[in-house]
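Raw work15.cif, mmCIF, C-alpha atoms, pLDDT in the B column; chains and numbers go by the auth columns:
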data_entry
#
loop_
_atom_site.group_PDB
_atom_site.id
_atom_site.type_symbol
_atom_site.label_atom_id
_atom_site.label_comp_id
_atom_site.label_asym_id
_atom_site.label_seq_id
_atom_site.Cartn_x
_atom_site.Cartn_y
_atom_site.Cartn_z
_atom_site.B_iso_or_equiv
_atom_site.auth_seq_id
_atom_site.auth_asym_id
ATOM 1 C CA MET A 1 36.246 90.022 93.780 69.00 1 S
ATOM 2 C CA ASN A 2 34.562 87.168 95.600 89.00 2 S
ATOM 3 C CA TYR A 3 33.718 83.781 94.185 92.00 3 S
ATOM 4 C CA TRP A 4 33.207 80.231 95.394 92.00 4 S
ATOM 5 C CA ILE A 5 34.384 77.109 93.590 94.00 5 S
ATOM 6 C CA HIS A 6 33.128 73.609 94.314 93.00 6 S
ATOM 7 C CA PRO A 7 35.944 71.263 95.435 93.00 7 S
ATOM 8 C CA ASP A 8 35.183 68.896 92.532 93.00 8 S
ATOM 9 C CA ALA A 9 35.360 71.802 90.076 94.00 9 S
ATOM 10 C CA GLU A 10 38.703 72.786 91.538 95.00 10 S
ATOM 11 C CA ALA A 11 39.891 69.196 91.096 94.00 11 S
ATOM 12 C CA GLU A 12 38.698 69.245 87.459 94.00 12 S
ATOM 13 C CA LEU A 13 40.637 72.440 86.881 95.00 13 S
ATOM 14 C CA GLY A 14 43.797 70.914 88.329 95.00 14 S
ATOM 15 C CA ASP A 15 43.353 67.656 86.395 94.00 15 S
ATOM 16 C CA ALA A 16 42.949 69.539 83.118 95.00 16 S
ATOM 17 C CA ALA A 17 46.046 71.640 83.824 95.00 17 S
ATOM 18 C CA VAL A 18 48.060 68.506 84.626 95.00 18 S
ATOM 19 C CA TYR A 19 46.796 66.865 81.437 94.00 19 S
ATOM 20 C CA TYR A 20 47.887 69.847 79.332 95.00 20 S
ATOM 21 C CA ALA A 21 51.263 69.949 81.090 95.00 21 S
ATOM 22 C CA GLU A 22 51.886 66.241 80.426 95.00 22 S
ATOM 23 C CA HIS A 23 50.463 65.986 76.902 95.00 23 S
ATOM 24 C CA ALA A 24 51.165 69.435 75.460 94.00 24 S
ATOM 25 C CA SER A 25 53.550 71.683 77.370 94.00 25 S
ATOM 26 C CA LEU A 26 53.894 73.625 80.561 95.00 26 S
ATOM 27 C CA ALA A 27 53.162 76.842 78.654 95.00 27 S
ATOM 28 C CA ILE A 28 49.820 75.428 77.456 95.00 28 S
ATOM 29 C CA ALA A 29 48.922 74.402 81.019 95.00 29 S
ATOM 30 C CA GLU A 30 49.749 77.901 82.258 96.00 30 S
ATOM 31 C CA ALA A 31 47.665 79.396 79.430 96.00 31 S
ATOM 32 C CA PHE A 32 44.755 77.155 80.471 96.00 32 S
ATOM 33 C CA LEU A 33 44.954 78.368 84.079 96.00 33 S
ATOM 34 C CA ALA A 34 45.283 81.991 82.895 96.00 34 S
ATOM 35 C CA GLU A 35 42.159 81.503 80.764 97.00 35 S
ATOM 36 C CA PHE A 36 40.262 80.216 83.800 97.00 36 S
ATOM 37 C CA GLU A 37 41.396 83.221 85.831 96.00 37 S
ATOM 38 C CA ARG A 38 40.291 85.553 83.026 96.00 38 S
ATOM 39 C CA VAL A 39 36.847 83.932 82.902 96.00 39 S
ATOM 40 C CA ARG A 40 36.586 83.956 86.710 95.00 40 S
ATOM 41 C CA ASP A 41 37.409 87.686 86.800 95.00 41 S
ATOM 42 C CA LEU A 42 34.881 88.445 84.055 95.00 42 S
ATOM 43 C CA LEU A 43 32.179 86.561 85.930 95.00 43 S
ATOM 44 C CA ALA A 44 33.056 88.302 89.190 94.00 44 S
ATOM 45 C CA GLU A 45 32.623 91.674 87.450 94.00 45 S
ATOM 46 C CA ASN A 46 29.324 90.789 85.791 94.00 46 S
ATOM 47 C CA GLN A 47 27.627 87.523 86.682 93.00 47 S
ATOM 48 C CA SER A 48 25.046 87.917 83.910 93.00 48 S
ATOM 49 C CA ARG A 49 27.614 87.399 81.143 92.00 49 S
ATOM 50 C CA GLY A 50 26.930 83.761 80.388 91.00 50 S
ATOM 51 C CA PRO A 51 23.731 82.410 78.837 92.00 51 S
ATOM 52 C CA HIS A 52 21.169 80.626 80.980 91.00 52 S
ATOM 53 C CA ALA A 53 21.349 76.847 81.272 87.00 53 S
ATOM 54 C CA ASP A 54 19.135 74.276 82.987 83.00 54 S
ATOM 55 C CA HIS A 55 18.078 74.576 86.638 84.00 55 S
ATOM 56 C CA GLY A 56 18.986 78.261 86.949 86.00 56 S
ATOM 57 C CA PHE A 57 22.658 77.857 86.136 91.00 57 S
ATOM 58 C CA ARG A 58 24.674 79.916 83.708 93.00 58 S
ATOM 59 C CA VAL A 59 27.566 78.814 81.527 94.00 59 S
ATOM 60 C CA TYR A 60 30.570 80.648 80.151 95.00 60 S
ATOM 61 C CA HIS A 61 32.831 79.093 77.535 95.00 61 S
ATOM 62 C CA PHE A 62 36.587 79.452 77.453 96.00 62 S
ATOM 63 C CA ASP A 63 37.921 81.184 74.338 94.00 63 S
ATOM 64 C CA ARG A 64 41.017 79.063 73.713 94.00 64 S
ATOM 65 C CA PHE A 65 40.129 75.700 75.259 96.00 65 S
ATOM 66 C CA PRO A 66 37.131 73.344 74.980 95.00 66 S
ATOM 67 C CA TYR A 67 35.985 73.991 78.563 96.00 67 S
ATOM 68 C CA THR A 68 32.965 75.654 80.112 95.00 68 S
ATOM 69 C CA VAL A 69 32.511 77.184 83.547 96.00 69 S
ATOM 70 C CA VAL A 70 29.115 76.282 84.997 94.00 70 S
ATOM 71 C CA TYR A 71 28.074 78.721 87.676 94.00 71 S
ATOM 72 C CA GLU A 72 25.195 80.159 89.638 92.00 72 S
ATOM 73 C CA GLU A 73 24.649 83.836 90.325 93.00 73 S
ATOM 74 C CA ASP A 74 24.916 85.068 93.901 90.00 74 S
ATOM 75 C CA GLN A 75 24.927 88.841 94.289 89.00 75 S
ATOM 76 C CA ARG A 76 26.342 88.752 97.838 90.00 76 S
ATOM 77 C CA ALA A 77 29.039 86.072 97.549 90.00 77 S
ATOM 78 C CA GLY A 78 29.936 86.287 93.857 91.00 78 S
ATOM 79 C CA PRO A 79 29.648 83.543 91.247 94.00 79 S
ATOM 80 C CA GLN A 80 29.241 80.015 92.616 94.00 80 S
ATOM 81 C CA ILE A 81 31.280 77.803 90.262 95.00 81 S
ATOM 82 C CA TYR A 82 30.035 74.213 90.178 94.00 82 S
ATOM 83 C CA ALA A 83 32.063 72.797 87.293 95.00 83 S
ATOM 84 C CA VAL A 84 34.915 73.417 84.906 95.00 84 S
ATOM 85 C CA ALA A 85 33.514 71.000 82.355 94.00 85 S
ATOM 86 C CA HIS A 86 35.029 69.726 79.145 93.00 86 S
ATOM 87 C CA GLN A 87 32.617 70.512 76.303 91.00 87 S
ATOM 88 C CA HIS A 88 32.947 67.125 74.585 89.00 88 S
ATOM 89 C CA ARG A 89 32.338 64.888 77.556 85.00 89 S
ATOM 90 C CA GLU A 90 29.251 63.788 79.442 83.00 90 S
ATOM 91 C CA PRO A 91 26.895 66.782 79.701 82.00 91 S
ATOM 92 C CA GLY A 92 25.231 67.564 83.012 82.00 92 S
ATOM 93 C CA TYR A 93 27.367 65.251 85.141 83.00 93 S
ATOM 94 C CA TRP A 94 27.909 68.118 87.573 84.00 94 S
ATOM 95 C CA LEU A 95 24.181 68.542 88.378 83.00 95 S
ATOM 96 C CA VAL A 96 24.514 66.283 91.428 83.00 96 S
ATOM 97 C CA ARG A 97 26.829 68.886 93.005 83.00 97 S
ATOM 98 C CA ALA A 98 24.090 71.478 93.343 78.00 98 S
ATOM 99 C CA SER A 99 21.532 71.289 96.120 71.00 99 S
ATOM 100 C CA ASN A 100 18.725 72.971 94.158 64.00 100 S
ATOM 101 C CA VAL A 101 18.596 70.263 91.480 59.00 101 S
ATOM 102 C CA PRO A 102 16.259 67.322 92.151 55.00 102 S
ATOM 103 C CA ALA A 103 17.801 63.891 91.769 55.00 103 S
ATOM 104 C CA GLU A 104 16.556 62.345 88.554 54.00 104 S
ATOM 105 C CA ALA A 105 16.906 58.870 87.211 50.00 105 S
ATOM 106 C CA PRO A 106 18.687 58.648 83.862 51.00 106 S
ATOM 107 C CA ASN A 107 16.376 58.928 80.900 53.00 107 S
ATOM 108 C CA PRO A 108 15.903 55.425 79.470 50.00 108 S
ATOM 109 C CA ALA A 109 15.115 56.938 76.073 49.00 109 S
ATOM 110 C CA PHE A 110 18.801 57.744 75.729 51.00 110 S
ATOM 111 C CA ASN A 111 21.411 55.086 75.275 52.00 111 S
ATOM 112 C CA ARG A 112 25.080 55.189 74.465 53.00 112 S
ATOM 113 C CA THR A 113 26.823 54.810 71.154 52.00 113 S
ATOM 114 C CA ARG A 114 29.940 52.729 70.828 51.00 114 S
ATOM 115 C CA TYR A 115 31.973 55.876 71.527 52.00 115 S
ATOM 116 C CA GLY A 116 30.277 56.495 74.881 53.00 116 S
ATOM 117 C CA LYS A 117 28.208 59.472 73.764 54.00 117 S
ATOM 118 C CA ARG A 118 24.496 59.606 74.396 55.00 118 S
ATOM 119 C CA ARG A 119 22.017 59.450 71.583 53.00 119 S
ATOM 120 C CA LYS A 120 18.287 59.140 71.331 52.00 120 S
ATOM 121 C CA PRO A 121 17.173 56.073 69.413 52.00 121 S
ATOM 122 C CA GLY A 122 14.967 56.642 66.449 54.00 122 S
ATOM 123 C CA PRO A 123 14.761 56.258 62.705 52.00 123 S
ATOM 124 C CA ARG A 124 17.581 58.723 62.132 52.00 124 S
ATOM 125 C CA HIS A 125 20.004 56.578 64.128 48.00 125 S
ATOM 126 C CA THR A 126 19.002 53.125 62.986 49.00 126 S
ATOM 127 C CA VAL A 127 19.809 51.159 59.850 49.00 127 S
ATOM 128 C CA HIS A 128 17.044 49.267 58.078 47.00 128 S
ATOM 129 C CA TYR A 129 17.768 45.955 56.438 46.00 129 S
ATOM 130 C CA ARG A 130 16.162 45.226 53.045 49.00 130 S
ATOM 131 C CA GLY A 131 17.430 41.764 52.507 49.00 131 S
ATOM 132 C CA PRO A 132 20.314 39.488 53.282 51.00 132 S
ATOM 133 C CA GLY A 133 23.121 41.894 52.366 50.00 133 S
ATOM 134 C CA LEU A 134 21.485 45.161 51.331 49.00 134 S
ATOM 135 C CA ARG A 135 21.350 47.964 53.891 53.00 135 S
ATOM 136 C CA CYS A 136 20.079 51.527 53.562 54.00 136 S
ATOM 137 C CA LEU A 137 19.288 54.478 55.744 54.00 137 S
ATOM 138 C CA PRO A 138 15.659 55.099 56.641 55.00 138 S
ATOM 139 C CA PRO A 139 13.639 57.326 54.303 60.00 139 S
ATOM 140 C CA ARG A 140 13.562 61.021 55.119 61.00 140 S
ATOM 141 C CA ALA A 141 10.373 62.447 56.549 61.00 141 S
ATOM 142 C CA GLY A 142 8.628 64.688 54.063 53.00 142 S
#
What does the file become when written as structure tokens?
Amino acid sequence: MNYWIHPDAEAELGDAAVYYAEHASLAIAEAFLAEFERVRDLLAENQSRGPHADHGFRVYHFDRFPYTVVYEEDQRAGPQIYAVAHQHREPGYWLVRASNVPAEAPNPAFNRTRYGKRRKPGPRHTVHYRGPGLRCLPPRAG
């Protein structure tokens, strides 16, 4: 069972385990690490398990925790794990770790909400003003 894990992905794994140990319990942190080992073993057995993602990567979601393993298939060396990413945080931040992904400037069509998440501006996300104190949502497209 061979696999490779990016040093930043290994750091993410350790940070998440420390977080669970400090904020939940040591048993939860151990369960998190056991879940990663289970996913790692499944991917080592069959690298085609996870669905395809952008740029030739595959993803596999943890069952008990909101984390995803982002990996690349390599038949000789085993799965190449690039990220152990939290599912509710910035998507695609790990793309800079891979050498086959071209560097792209951030899309200016996306901006951040007050909670730090990205959203695309448009009529669905804006509020129209119909007077000094009357606000309404935009009309739905027919």
Original post:
In Å to one decimal, how far is CA of Pro66 (chain S) from CA of His88 (chain S)?
Top reply: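 For CA of His88 (chain S) relative to CA of Pro66 (chain S), the distance reads 7.5 Å.
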Original post:
What is the distance, in Å and to one decimal place, between CA of Ala85 (chain S) and CA of Ala27 (chain S)?
Top reply: 20.8 Å
**OP:** Check what the PyMOL selection byres ((chain S and resi 32-45) around 7) selects in the file above and give those residues as a PyMOL selection string.
**Re:** chain S and resi 1-3+17+28-31+46-47+49+62+78-79
Residue subset to file, keeping C-alpha atoms, as a PDB file, keeping the file's coordinate frame:
ATOM      1  CA  MET S   1      36.246  90.022  93.780  1.00 69.00           C
ATOM      2  CA  ASN S   2      34.562  87.168  95.600  1.00 89.00           C
ATOM      3  CA  TYR S   3      33.718  83.781  94.185  1.00 92.00           C
ATOM      4  CA  ALA S  17      46.046  71.640  83.824  1.00 95.00           C
ATOM      5  CA  ILE S  28      49.820  75.428  77.456  1.00 95.00           C
ATOM      6  CA  ALA S  29      48.922  74.402  81.019  1.00 95.00           C
ATOM      7  CA  GLU S  30      49.749  77.901  82.258  1.00 96.00           C
ATOM      8  CA  ALA S  31      47.665  79.396  79.430  1.00 96.00           C
ATOM      9  CA  ASN S  46      29.324  90.789  85.791  1.00 94.00           C
ATOM     10  CA  GLN S  47      27.627  87.523  86.682  1.00 93.00           C
ATOM     11  CA  ARG S  49      27.614  87.399  81.143  1.00 92.00           C
ATOM     12  CA  PHE S  62      36.587  79.452  77.453  1.00 96.00           C
ATOM     13  CA  GLY S  78      29.936  86.287  93.857  1.00 91.00           C
ATOM     14  CA  PRO S  79      29.648  83.543  91.247  1.00 94.00           C
TER      15      PRO S  79
END
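Minimum distance to Gln75 (chain S) across S:Ala16, S:Ser48, S:Arg97, S:His23 (counting all atoms listed in the file) occurs at S:Ser48.
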Kindly list the centre and edge lengths in Å, rounded to one decimal, for the axis-aligned box that covers all listed atoms of region 3-17 of chain S plus 6 Å on each of its six sides, as JSON.
{"center_x": 39.6, "center_y": 75.7, "center_z": 89.3, "size_x": 24.9, "size_y": 28.1, "size_z": 24.3}
**OP:** Rounded to one decimal place, report the CA of Glu10 (chain S)-CA of Tyr82 (chain S) distance in Å.
**Re:**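 So the answer is 8.9 Å.
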Which residues are close to Pro51 (chain S), i.e. within 10 Å by only C-alpha atoms, leaving aside same-chain residues fewer than 6 positions away? Reply as a JSON list (two decimals) with C-alpha atoms, in the frame of the given file.
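And here's selection-v5.json as it stands now:
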[["chain", "number", "residue", "atom", "x", "y", "z"],
["S", 57, "PHE", "CA", 22.66, 77.86, 86.14],
["S", 58, "ARG", "CA", 24.67, 79.92, 83.71],
["S", 59, "VAL", "CA", 27.57, 78.81, 81.53],
["S", 60, "TYR", "CA", 30.57, 80.65, 80.15],
["S", 61, "HIS", "CA", 32.83, 79.09, 77.54]]
Original post:
Given the file above and the PyMOL selection byres ((chain S and resi 7) around 12), which residues are selected, and can you give them as a ChimeraX atom specification?
Top reply: /S:4-6,8-14,80-84,94,97
**OP:** Go through S:Asp15, S:Asp63, S:Asp74, S:Ala53 and flag the residue nearest Pro91 (chain S), using only C-alpha atoms for the distances.
**Re:**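 Ranking S:Asp15, S:Asp63, S:Asp74, S:Ala53 by distance to Pro91 (chain S), first place goes to S:Ala53.
Nearest to His86 (chain S) of all the residues S:Tyr20, S:Ala98, S:Leu26, S:Thr68 is S:Thr68, based on all atoms listed in the file.
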